[in-house]
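Source file structure.txt; content: compact mmCIF, C-alpha atoms and all ligand atoms.
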# COMPACT_ATOMS: atom_id res chain seq x y z
CA MET A 170 -10.78 -22.55 9.94
CA THR A 171 -8.51 -23.92 12.67
CA SER A 172 -4.92 -22.83 13.22
CA GLY A 173 -2.45 -25.40 11.93
CA THR A 174 -4.68 -26.45 9.03
CA ILE A 175 -3.35 -25.82 5.57
CA SER A 176 -5.94 -23.09 4.90
CA ALA A 177 -4.72 -21.35 8.07
CA GLN A 178 -1.16 -21.61 6.82
CA ILE A 179 -2.13 -20.20 3.45
CA ILE A 180 -3.65 -17.14 5.02
CA ASP A 181 -0.85 -16.83 7.58
CA TYR A 182 1.05 -13.69 6.62
CA ASP A 183 4.40 -15.46 7.13
CA ASN A 184 3.69 -17.47 3.99
CA ARG A 185 2.53 -14.56 1.86
CA ALA A 186 5.77 -13.99 -0.04
CA ASP A 187 5.94 -17.63 -1.14
CA PRO A 188 2.75 -19.68 -0.73
CA TYR A 189 3.73 -22.06 -3.54
CA PRO A 190 5.27 -24.84 -1.39
CA LEU A 191 1.94 -25.02 0.45
CA TYR A 192 0.15 -25.51 -2.86
CA VAL A 193 2.47 -28.44 -3.69
CA GLU A 194 1.37 -29.96 -0.38
CA LEU A 195 -2.28 -29.24 -1.14
CA ARG A 196 -2.26 -30.84 -4.58
CA LYS A 197 -1.24 -34.18 -3.02
CA GLN A 198 -4.92 -34.39 -2.10
CA PRO A 199 -6.86 -32.66 -4.90
CA VAL A 200 -9.99 -32.30 -2.75
CA ARG A 201 -9.17 -31.75 0.87
CA ARG A 202 -11.52 -31.40 3.82
CA GLU A 203 -10.43 -29.00 6.54
CA GLU A 204 -11.41 -29.58 10.18
CA ASP A 205 -14.18 -26.99 10.01
CA GLY A 206 -15.84 -28.66 6.99
CA THR A 207 -14.43 -26.36 4.32
CA TYR A 208 -13.20 -28.11 1.15
CA LEU A 209 -10.08 -26.96 -0.69
CA VAL A 210 -9.78 -27.96 -4.36
CA SER A 211 -6.33 -27.44 -5.81
CA THR A 212 -5.72 -29.39 -9.02
CA TYR A 213 -6.30 -27.90 -12.46
CA TYR A 214 -8.94 -30.21 -13.94
CA GLU A 215 -10.93 -30.41 -10.71
CA VAL A 216 -10.93 -26.61 -10.21
CA ARG A 217 -11.94 -26.08 -13.83
CA SER A 218 -14.71 -28.63 -13.63
CA LEU A 219 -16.14 -27.18 -10.40
CA ALA A 220 -15.95 -23.59 -11.64
CA ASN A 221 -18.17 -24.73 -14.52
CA ASP A 222 -20.52 -26.78 -12.33
CA PRO A 223 -24.00 -25.28 -11.73
CA ARG A 224 -24.13 -27.14 -8.41
CA LEU A 225 -21.51 -24.78 -7.04
CA SER A 226 -22.94 -21.45 -5.93
CA ASN A 227 -21.39 -17.99 -5.60
CA ASP A 228 -24.35 -16.89 -3.46
CA THR A 229 -22.91 -17.06 0.05
CA SER A 230 -26.37 -16.97 1.65
CA ASN A 231 -26.40 -20.72 0.85
CA ARG A 232 -23.73 -21.30 3.48
CA PRO A 233 -24.69 -22.75 6.83
CA PRO A 234 -24.50 -20.31 9.77
CA GLY A 235 -21.03 -19.85 11.21
CA TYR A 236 -19.14 -19.61 7.92
CA ALA A 237 -17.86 -16.42 6.31
CA ARG A 238 -20.44 -14.90 3.97
CA PRO A 239 -18.72 -12.24 1.92
CA GLY A 240 -21.00 -10.24 -0.33
CA GLN A 241 -24.10 -10.47 1.83
CA PRO A 242 -25.87 -7.17 2.41
CA VAL A 243 -25.65 -7.32 6.20
CA ALA A 244 -25.48 -3.66 7.06
CA SER A 245 -25.09 -1.96 3.70
CA GLY A 246 -28.67 -2.92 2.83
CA LEU A 247 -27.68 -3.21 -0.84
CA PRO A 248 -28.53 -6.31 -2.90
CA PRO A 249 -25.54 -8.60 -3.53
CA SER A 250 -23.49 -7.59 -6.56
CA PHE A 251 -23.60 -10.01 -9.49
CA ILE A 252 -20.37 -11.83 -8.54
CA PHE A 253 -22.23 -13.14 -5.48
CA THR A 254 -25.33 -14.28 -7.38
CA ASP A 255 -26.25 -17.43 -9.34
CA PRO A 256 -28.30 -17.83 -12.53
CA PRO A 257 -30.78 -16.62 -13.57
CA VAL A 258 -30.20 -13.38 -11.60
CA HIS A 259 -26.46 -13.42 -12.34
CA ASP A 260 -26.87 -13.83 -16.10
CA ARG A 261 -29.54 -11.15 -16.34
CA LEU A 262 -27.43 -8.62 -14.44
CA ARG A 263 -24.22 -9.50 -16.27
CA ASP A 264 -25.94 -9.18 -19.67
CA THR A 265 -27.37 -5.78 -18.73
CA ILE A 266 -24.09 -4.49 -17.37
CA ASN A 267 -22.16 -5.75 -20.38
CA ARG A 268 -24.29 -3.70 -22.80
CA PRO A 269 -22.41 -0.43 -22.41
CA PHE A 270 -19.08 -2.19 -21.70
CA GLY A 271 -18.28 -4.62 -24.49
CA PRO A 272 -19.33 -6.48 -27.63
CA PRO A 273 -21.82 -7.03 -29.16
CA HIS A 274 -23.52 -3.77 -28.10
CA SER A 275 -20.52 -1.58 -27.36
CA PRO A 276 -17.53 -3.00 -29.24
CA ARG A 277 -15.66 0.31 -29.17
CA PHE A 278 -16.17 1.44 -25.61
CA LEU A 279 -12.97 0.08 -24.09
CA ASP A 280 -10.83 0.92 -27.10
CA GLY A 281 -12.08 4.48 -26.75
CA LEU A 282 -10.38 4.71 -23.34
CA ARG A 283 -6.92 3.76 -24.62
CA GLY A 284 -5.83 7.33 -25.38
CA GLU A 285 -6.66 8.67 -21.93
CA LEU A 286 -5.16 5.66 -20.17
CA ALA A 287 -1.97 5.92 -22.24
CA LYS A 288 -1.77 9.55 -21.16
CA THR A 289 -2.07 8.52 -17.52
CA VAL A 290 0.76 5.99 -18.01
CA THR A 291 2.93 8.73 -19.58
CA GLU A 292 2.23 11.16 -16.74
CA LEU A 293 3.04 8.57 -14.09
CA LEU A 294 6.33 7.68 -15.78
CA ASP A 295 7.27 11.34 -16.40
CA ALA A 296 7.17 11.77 -12.62
CA PHE A 297 10.12 9.27 -12.33
CA GLU A 298 12.39 11.95 -13.87
CA GLY A 299 15.35 12.80 -11.64
CA LYS A 300 14.69 9.94 -9.17
CA ASP A 301 17.11 7.12 -8.46
CA GLN A 302 14.55 5.06 -6.58
CA VAL A 303 10.80 4.53 -7.04
CA ASP A 304 8.07 2.39 -5.51
CA ILE A 305 6.44 0.63 -8.45
CA VAL A 306 3.24 0.10 -6.45
CA GLU A 307 2.63 3.63 -5.17
CA ASP A 308 4.16 5.44 -8.13
CA PHE A 309 2.86 3.33 -10.98
CA SER A 310 0.66 0.23 -10.58
CA TYR A 311 -1.67 1.60 -7.95
CA PRO A 312 -2.89 4.84 -9.56
CA LEU A 313 -3.69 3.40 -13.01
CA PRO A 314 -6.56 0.94 -12.32
CA VAL A 315 -8.58 3.38 -10.22
CA THR A 316 -8.21 6.01 -12.90
CA ALA A 317 -9.33 3.38 -15.42
CA ILE A 318 -12.42 2.30 -13.50
CA CYS A 319 -13.39 5.92 -12.81
CA LYS A 320 -13.31 6.55 -16.55
CA VAL A 321 -15.31 3.38 -17.21
CA LEU A 322 -17.99 4.45 -14.75
CA GLY A 323 -17.89 8.15 -15.65
CA VAL A 324 -16.70 9.43 -12.25
CA PRO A 325 -15.44 13.04 -12.39
CA ARG A 326 -11.67 13.21 -12.28
CA GLU A 327 -11.55 15.43 -9.21
CA ASP A 328 -13.34 12.72 -7.19
CA GLU A 329 -10.83 10.00 -8.06
CA PRO A 330 -8.68 10.38 -4.91
CA ARG A 331 -11.70 9.51 -2.78
CA PHE A 332 -12.17 6.33 -4.84
CA HIS A 333 -8.64 5.23 -4.03
CA VAL A 334 -9.38 5.29 -0.31
CA TRP A 335 -12.71 3.48 -0.62
CA ALA A 336 -11.35 0.85 -3.01
CA ASP A 337 -8.54 0.05 -0.63
CA ALA A 338 -10.78 -0.51 2.39
CA LEU A 339 -13.25 -2.63 0.42
CA ALA A 340 -10.64 -4.84 -1.25
CA SER A 341 -8.95 -5.55 2.09
CA SER A 342 -12.22 -6.82 3.57
CA LEU A 343 -12.36 -9.72 1.06
CA ASP A 344 -9.50 -11.35 2.92
CA PRO A 345 -10.73 -14.27 5.08
CA GLN A 346 -8.52 -12.96 7.90
CA ALA A 347 -9.76 -9.35 7.77
CA GLY A 348 -10.65 -8.84 11.42
CA GLU A 349 -13.44 -6.77 12.90
CA ASP A 350 -11.41 -3.65 12.36
CA GLY A 351 -11.06 -4.37 8.64
CA GLN A 352 -14.78 -5.18 8.34
CA GLU A 353 -15.72 -1.96 10.11
CA LYS A 354 -13.47 0.10 7.86
CA ALA A 355 -14.98 -1.62 4.83
CA LEU A 356 -18.48 -0.92 6.08
CA ARG A 357 -17.74 2.77 6.58
CA ALA A 358 -16.11 2.94 3.14
CA ARG A 359 -19.11 1.21 1.62
CA GLN A 360 -21.51 3.65 3.29
CA ASP A 361 -19.51 6.71 2.18
CA LEU A 362 -19.08 5.34 -1.31
CA GLY A 363 -22.78 4.45 -1.38
CA ALA A 364 -23.83 7.97 -0.43
CA TYR A 365 -21.49 9.40 -3.06
CA LEU A 366 -22.77 7.03 -5.76
CA THR A 367 -26.43 7.65 -4.95
CA ASP A 368 -25.87 11.36 -5.65
CA LEU A 369 -23.80 10.69 -8.73
CA ILE A 370 -26.32 8.20 -10.19
CA GLU A 371 -29.12 10.70 -9.63
CA THR A 372 -27.09 13.41 -11.41
CA LYS A 373 -26.33 11.04 -14.31
CA ARG A 374 -30.00 10.15 -14.60
CA ARG A 375 -30.85 13.83 -15.06
CA HIS A 376 -27.75 14.80 -17.07
CA PRO A 377 -26.29 11.76 -18.83
CA GLY A 378 -22.60 11.91 -19.70
CA PRO A 379 -19.93 9.44 -20.81
CA GLY A 380 -19.44 6.17 -18.93
CA MET A 381 -21.43 3.18 -17.72
CA LEU A 382 -23.35 4.85 -14.88
CA SER A 383 -25.18 7.11 -17.32
CA ALA A 384 -25.76 4.27 -19.78
CA LEU A 385 -27.12 1.91 -17.12
CA ALA A 386 -29.17 4.38 -15.07
CA PRO A 387 -32.36 3.96 -17.14
CA ASP A 388 -32.19 0.12 -17.05
CA MET A 389 -31.30 -0.67 -13.44
CA THR A 390 -32.65 0.10 -10.01
CA PRO A 391 -30.44 2.59 -8.12
CA ALA A 392 -29.57 -0.14 -5.58
CA ASP A 393 -28.49 -2.67 -8.26
CA LEU A 394 -26.51 0.02 -10.07
CA GLU A 395 -24.81 1.10 -6.89
CA ALA A 396 -23.90 -2.51 -6.02
CA THR A 397 -22.50 -2.91 -9.55
CA ALA A 398 -20.38 0.22 -9.32
CA VAL A 399 -18.95 -0.96 -6.00
CA LEU A 400 -18.18 -4.39 -7.49
CA LEU A 401 -16.46 -2.96 -10.56
CA LEU A 402 -14.40 -0.67 -8.38
CA VAL A 403 -13.27 -3.41 -5.99
CA ALA A 404 -12.86 -6.22 -8.53
CA GLY A 405 -10.90 -4.05 -10.91
CA HIS A 406 -8.68 -2.45 -8.35
CA GLU A 407 -6.17 -4.50 -6.39
CA THR A 408 -6.26 -7.29 -8.98
CA THR A 409 -4.83 -5.10 -11.73
CA VAL A 410 -2.43 -3.37 -9.32
CA ASN A 411 -1.06 -6.79 -8.42
CA ALA A 412 -0.89 -7.90 -12.03
CA ILE A 413 1.26 -4.90 -13.01
CA THR A 414 3.42 -5.21 -9.90
CA ASN A 415 3.84 -8.99 -10.22
CA THR A 416 4.89 -8.57 -13.85
CA THR A 417 7.52 -6.02 -12.86
CA LEU A 418 8.78 -8.17 -9.98
CA THR A 419 8.94 -11.32 -12.10
CA LEU A 420 10.82 -9.60 -14.93
CA LEU A 421 13.33 -8.06 -12.56
CA ARG A 422 13.90 -11.54 -11.13
CA HIS A 423 14.57 -12.88 -14.66
CA PRO A 424 17.21 -10.55 -16.18
CA ASP A 425 17.67 -12.66 -19.35
CA LEU A 426 14.01 -12.38 -20.13
CA LEU A 427 13.99 -8.70 -19.34
CA ASP A 428 16.78 -8.24 -21.83
CA ARG A 429 14.83 -10.17 -24.48
CA PHE A 430 11.69 -8.16 -23.73
CA GLN A 431 13.47 -4.84 -24.10
CA LYS A 432 14.62 -5.92 -27.56
CA ASP A 433 11.25 -7.41 -28.51
CA PRO A 434 8.28 -5.55 -26.98
CA ASP A 435 5.87 -7.99 -28.69
CA LEU A 436 6.76 -10.41 -25.92
CA ALA A 437 4.44 -8.36 -23.69
CA VAL A 438 1.43 -10.55 -24.54
CA PRO A 439 2.93 -13.94 -23.58
CA ILE A 440 4.76 -12.41 -20.61
CA ILE A 441 1.56 -10.95 -19.17
CA GLU A 442 -0.39 -14.19 -19.70
CA GLU A 443 2.41 -16.18 -18.07
CA VAL A 444 2.35 -13.85 -15.04
CA LEU A 445 -1.39 -14.48 -14.72
CA ARG A 446 -0.59 -18.20 -14.53
CA TYR A 447 2.57 -18.04 -12.45
CA GLU A 448 1.67 -15.27 -9.95
CA PRO A 449 -2.12 -14.86 -10.27
CA PRO A 450 -3.47 -11.73 -8.56
CA VAL A 451 -6.51 -13.72 -7.35
CA GLN A 452 -4.92 -16.69 -5.62
CA PHE A 453 -8.14 -18.46 -4.73
CA VAL A 454 -11.91 -18.04 -4.74
CA PRO A 455 -13.05 -18.80 -1.18
CA TRP A 456 -16.75 -17.91 -1.43
CA THR A 457 -18.37 -20.83 -3.27
CA THR A 458 -20.79 -23.32 -1.69
CA ALA A 459 -21.93 -26.80 -2.79
CA LEU A 460 -25.69 -26.80 -3.53
CA ALA A 461 -25.78 -30.61 -3.67
CA ASP A 462 -23.46 -33.51 -2.83
CA ILE A 463 -20.73 -33.26 -5.48
CA ASP A 464 -18.33 -36.12 -6.30
CA VAL A 465 -14.90 -34.88 -7.32
CA ALA A 466 -11.73 -36.94 -7.71
CA GLY A 467 -13.09 -39.71 -5.48
CA THR A 468 -14.33 -37.40 -2.71
CA THR A 469 -17.90 -36.32 -2.05
CA ILE A 470 -18.26 -32.67 -1.11
CA PRO A 471 -21.47 -32.63 0.93
CA LYS A 472 -24.28 -30.19 0.18
CA GLY A 473 -23.85 -26.90 2.05
CA SER A 474 -20.05 -27.14 2.31
CA PRO A 475 -17.98 -24.03 1.72
CA VAL A 476 -15.54 -24.68 -1.14
CA TRP A 477 -12.33 -22.81 -1.90
CA LEU A 478 -11.13 -23.06 -5.49
CA MET A 479 -7.35 -22.70 -5.39
CA LEU A 480 -6.55 -21.01 -8.71
CA ALA A 481 -2.86 -20.39 -7.96
CA ALA A 482 -2.34 -24.07 -7.07
CA ALA A 483 -4.22 -25.22 -10.18
CA ASN A 484 -2.10 -22.92 -12.34
CA ARG A 485 0.98 -24.82 -11.21
CA ASP A 486 -0.46 -28.30 -11.52
CA PRO A 487 2.20 -30.46 -13.23
CA ARG A 488 -0.54 -32.64 -14.74
CA ARG A 489 -1.57 -29.62 -16.81
CA PHE A 490 1.55 -27.43 -17.18
CA GLU A 491 4.99 -28.77 -17.94
CA ASP A 492 7.64 -27.61 -15.47
CA PRO A 493 5.00 -25.43 -13.79
CA ASP A 494 7.31 -23.59 -11.39
CA ARG A 495 9.31 -22.22 -14.30
CA PHE A 496 8.36 -18.77 -15.57
CA ASP A 497 8.23 -19.43 -19.28
CA PRO A 498 6.46 -17.00 -21.63
CA ASP A 499 7.28 -19.35 -24.52
CA ARG A 500 5.05 -22.10 -23.16
CA LYS A 501 2.38 -23.22 -25.58
CA ASP A 502 -1.29 -23.58 -24.74
CA ASN A 503 -1.19 -21.44 -21.60
CA GLU A 504 -4.84 -21.82 -20.64
CA HIS A 505 -4.37 -20.51 -17.10
CA LEU A 506 -7.17 -19.89 -14.59
CA GLY A 507 -5.98 -16.39 -13.62
CA PHE A 508 -9.24 -14.88 -14.85
CA TYR A 509 -11.26 -17.95 -13.74
CA THR A 510 -13.54 -19.92 -16.08
CA GLY A 511 -17.26 -20.50 -16.49
CA ILE A 512 -20.08 -18.02 -15.97
CA HIS A 513 -18.11 -15.94 -13.45
CA TYR A 514 -15.10 -15.58 -15.79
CA CYS A 515 -13.63 -12.15 -15.09
CA PHE A 516 -15.95 -9.52 -16.52
CA GLY A 517 -13.13 -6.98 -16.59
CA ALA A 518 -10.51 -9.16 -18.32
CA PRO A 519 -10.56 -7.09 -21.55
CA LEU A 520 -10.07 -3.88 -19.53
CA ALA A 521 -7.33 -5.45 -17.39
CA ARG A 522 -5.52 -6.63 -20.53
CA ILE A 523 -5.72 -3.13 -22.05
CA GLU A 524 -4.27 -1.61 -18.87
CA LEU A 525 -1.50 -4.21 -18.67
CA HIS A 526 -0.59 -3.86 -22.34
CA LEU A 527 -0.40 -0.08 -22.04
CA ALA A 528 1.51 -0.10 -18.76
CA VAL A 529 4.05 -2.93 -18.94
CA PRO A 530 5.80 -2.32 -22.30
CA GLU A 531 5.96 1.43 -21.66
CA LEU A 532 7.40 0.93 -18.19
CA PHE A 533 10.20 -1.26 -19.54
CA ARG A 534 10.77 0.89 -22.62
CA ARG A 535 11.23 4.10 -20.68
CA VAL A 536 12.75 3.12 -17.36
CA LYS A 537 16.30 1.89 -17.07
CA PHE A 538 16.10 -0.42 -14.09
CA SER A 539 19.05 -1.08 -11.89
CA ARG A 540 17.82 -3.58 -9.29
CA LEU A 541 15.16 -4.62 -6.80
CA LEU A 542 15.81 -2.99 -3.44
CA GLU A 543 13.92 -5.62 -1.43
CA ASP A 544 13.42 -9.20 -2.52
CA PRO A 545 10.98 -10.49 -1.49
CA PRO A 546 9.18 -7.17 -1.20
CA PRO A 547 6.72 -6.51 1.65
CA TYR A 548 3.30 -7.99 0.80
CA ARG A 549 -0.21 -6.78 1.56
CA ALA A 550 -2.07 -8.71 4.25
CA ASN A 551 -4.68 -10.00 1.78
CA ALA A 552 -4.18 -13.70 0.94
CA VAL A 553 -6.85 -13.80 -1.78
CA LEU A 554 -5.87 -10.66 -3.69
CA ARG A 555 -2.18 -11.30 -3.08
CA GLY A 556 0.49 -8.84 -4.13
CA PRO A 557 3.31 -6.61 -2.90
CA ARG A 558 2.35 -3.57 -0.83
CA HIS A 559 5.51 -1.83 -2.03
CA LEU A 560 8.04 -2.67 -4.71
CA PRO A 561 11.05 -0.42 -4.19
CA VAL A 562 13.46 -0.44 -7.13
CA ALA A 563 16.63 1.47 -7.96
CA ILE A 564 16.55 3.11 -11.39
CA GLU A 565 19.26 4.66 -13.51
CA GLY A 566 17.27 6.85 -15.80
CA LEU A 567 14.25 7.51 -17.93
CA THR A 568 13.96 7.89 -21.69
CA ALA A 569 11.39 10.13 -23.31
C1 LIG B 601 -5.45 -8.69 -13.86
C2 LIG B 601 -6.55 -8.24 -13.28
C3 LIG B 601 -7.72 -9.10 -12.88
C4 LIG B 601 -7.73 -10.41 -12.45
C5 LIG B 601 -6.54 -11.35 -12.27
C6 LIG B 601 -9.12 -10.75 -12.20
C7 LIG B 601 -9.55 -12.00 -11.77
C8 LIG B 601 -10.87 -12.36 -11.58
C9 LIG B 601 -11.32 -13.64 -11.11
C10 LIG B 601 -10.41 -14.81 -10.72
C11 LIG B 601 -12.68 -13.62 -11.06
C12 LIG B 601 -13.63 -14.76 -10.60
C13 LIG B 601 -14.09 -14.52 -9.19
C14 LIG B 601 -15.29 -15.33 -8.77
O1 LIG B 601 -16.00 -15.91 -9.54
O2 LIG B 601 -15.61 -15.39 -7.62
C15 LIG B 601 -13.10 -12.31 -11.51
C16 LIG B 601 -14.41 -11.91 -11.59
C17 LIG B 601 -14.76 -10.60 -11.87
N1 LIG B 601 -13.93 -9.57 -12.25
FE1 LIG B 601 -11.93 -9.65 -12.48
N2 LIG B 601 -9.90 -9.66 -12.46
C18 LIG B 601 -9.09 -8.64 -12.90
C19 LIG B 601 -9.48 -7.39 -13.29
C20 LIG B 601 -10.76 -6.93 -13.31
C21 LIG B 601 -11.18 -5.61 -13.73
C22 LIG B 601 -10.27 -4.51 -14.26
C23 LIG B 601 -12.52 -5.54 -13.50
C24 LIG B 601 -13.43 -4.35 -13.70
C25 LIG B 601 -13.96 -3.96 -14.75
C26 LIG B 601 -12.96 -6.83 -13.02
C27 LIG B 601 -14.26 -7.18 -12.74
C28 LIG B 601 -14.69 -8.44 -12.40
C29 LIG B 601 -16.09 -8.76 -12.14
C30 LIG B 601 -17.25 -7.79 -12.21
C31 LIG B 601 -16.13 -10.12 -11.83
C32 LIG B 601 -17.37 -10.96 -11.50
C33 LIG B 601 -17.83 -11.68 -12.75
C34 LIG B 601 -19.06 -12.53 -12.52
O3 LIG B 601 -19.36 -12.90 -11.40
O4 LIG B 601 -19.73 -12.84 -13.52
N3 LIG B 601 -11.87 -7.65 -12.91
N4 LIG B 601 -11.98 -11.57 -11.83

Would it be possible to restate this file's structure as structure tokens?
Ligand code: HEM
Amino acid sequence: MTSGTISAQIIDYDNRADPYPLYVELRKQPVRREEDGTYLVSTYYEVRSLANDPRLSNDTSNRPPGYARPGQPVASGLPPSFIFTDPPVHDRLRDTINRPFGPPHSPRFLDGLRGELAKTVTELLDAFEGKDQVDIVEDFSYPLPVTAICKVLGVPREDEPRFHVWADALASSLDPQAGEDGQEKALRARQDLGAYLTDLIETKRRHPGPGMLSALAPDMTPADLEATAVLLLVAGHETTVNAITNTTLTLLRHPDLLDRFQKDPDLAVPIIEEVLRYEPPVQFVPWTTALADIDVAGTTIPKGSPVWLMLAAANRDPRRFEDPDRFDPDRKDNEHLGFYTGIHYCFGAPLARIELHLAVPELFRRVKFSRLLEDPPPYRANAVLRGPRHLPVAIEGLTA
């Protein structure tokens, strides 16, 4: 990546609060070659077709030397987690890991977590009592997903605070601009988390309890299970934080809609889906590689090229979505790419939707919002997992 190129501008922090004008620019050339040989694909049908194309690989070891290779077990020594693998390894791992998580084998597992997660939402909101200002990120969106993933894995509650720290360091390192410092922090977090998980997995093997670690321990090698736990923690963390925060921010920027929502809580479903289109927590997927020459929209992406699939740009492609820059929960046929598509479609989407549907309606039912205290709010550095670092809001009260 060279400074001045559009990919450099996208990851430039100055454009974090509003990258959308850059995506308009990008879509003028649906498949665009950057100076360093990276290809950016930004239009809806082209992104969707490539995400479903077996000639595009998520295994970054296929990249020529000199390009970023997230997910490779450089120093951690662990095998790549299944997001960074291709079939048949990917499908085998994903099938195994899905057994204790969702249908057809475990259709009730996630539903069984609703009660505890609802309790967490209630506790977080109770703590707003007596305050006239809160930070939606720190006080609400951030704590919920880590609690959720700890319950999914079966991590003891008292260890959750340590997971927050590790998740943070690991998620930040997915950013293409995370410097050496960020990579080192991530490596240390990964080592500490690894040591913790090795002990926990061993304990679960001897004394199984609730959660996926116990269920998977007999079927997976400790290294594969550890890599999976790390993936679930990272993938399910900042994404969901950003989804809750972006929903809050977007609603507070649209007072008419907020008013409608407070009168009709059933609007939560289309509102949340529209946020995933309009402000997707994963803005782009920068770790795919062409395994062969691929012709797309009149351009040939040569074998070996790194490819970035620009989900946030595709979600606002006017060829697919009418008036795409308008936040419109009433839009029909909102087949957004917020959770991706194809074999790497978000594994945790059902969990994320449960968390969002518990958190968002309850937040707006109980809290009487006054106004945003900073607009735009300060954003995190990460350009891929993009979202506000803080969302300070003034509030006027809390109902029971
Ligand atoms: C609103 C919240 C979320 C969003 C927007 C989101 C988005 C995405 C996207 C775009 C991908 C595709 C990435 C790629 O192929 O490279 C993905 C994959 C994945 N997500 Fe999520 N995610 C969310 C929440 C979660 C949660 C809560 C979990 C944890 C259970 C999770 C686990 C995963 C995993 C394991 C993959 C890899 C799937 C595979 O490679 O087969 N995600 N997610």

What does the distance between CA of Pro493 in chain A and CA of Val529 in chain A come to in Å, to one decimal place?
-> 23.1 Å

Return as number ranges by chain the residues of protein, DNA or RNA that approach ligand LIG 601 (chain B) to within 8 Å, with all atoms listed in the file taken into account.
-> A: 220, 227, 251-254, 259-260, 263, 314, 318, 321, 397, 400-413, 445, 449-457, 480, 506-510, 512-522, 525

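Distances from A:Asp368, A:Asp308, A:Asp280, A:Asp486 to Pro391 in chain A were compared using all atoms listed in the file, and the smallest one belongs to A:Asp368.
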
Pick out the closest residue to Ala317 in chain A from this set: A:Ile523, A:Ile175, A:His505, A:Asp497. Count all atoms listed in the file.
-> A:Ile523

Exercise: Asp328 in chain A partners within 9 Å, all atoms listed in the file, chain neighbours under 4 positions left out, as an MDAnalysis selection string = chainID A and resid 319 324 332

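Take CA of Leu420 in chain A and CA of Val334 in chain A: the distance between them is 29.0 Å.
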
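With all atoms listed in the file as the atoms that count, the residue of A:Leu191, A:Ala563, A:Val465, A:Leu532 with the shortest distance to Ala287 in chain A is A:Leu532.
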
Do you have the CA of Ser176 in chain A-CA of Pro557 in chain A distance handy?
-> 20.4 Å

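Of the listed residues A:Pro387, A:Gly284, A:Pro546, A:Pro233, the one whose atoms come nearest to Leu527 in chain A is A:Gly284, with distances taken using all atoms listed in the file.
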
Compile the contact shell of Ser226 in chain A as a ChimeraX atom specification: residues with an atom at most 10 Å away, counting all atoms listed in the file, same-chain residues fewer than 4 positions apart removed.
-> /A:219-220,222,230-232,253-256,456-461,473,475-476

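For the set A:Thr468, A:Ser250, A:Thr568, A:Thr419, the residue with the smallest atom-to-atom gap to Pro545 in chain A is A:Thr419, counting only C-alpha atoms.
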
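Between Pro434 in chain A and the candidates A:Ala386, A:Asn484, A:Ile470, A:Ala528, the tightest atom-to-atom separation, counting all atoms listed in the file, involves A:Ala528.
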
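Within a radius of 12 Å around (-18.1, -0.4, -25.0), the polymer residues are A:Ile266, A:Asn267, A:Arg268, A:Pro269, A:Phe270, A:Gly271, A:Pro272, A:Pro273, A:His274, A:Ser275, A:Pro276, A:Arg277, A:Phe278, A:Leu279, A:Asp280, A:Gly281, A:Leu282, A:Arg283, A:Lys320, A:Val321, A:Leu322, A:Pro379, A:Gly380, A:Met381, A:Ala384, A:Gly517, A:Pro519, A:Leu520, counting only C-alpha atoms.
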
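Near Ile370 in chain A, within 9 Å and counting all atoms listed in the file, sit Tyr365, Leu366, Arg374, Arg375, Leu382, Ser383, Ala386, Pro391, Leu394 and Glu395 of chain A, not including residues fewer than 4 positions from it in the same chain.
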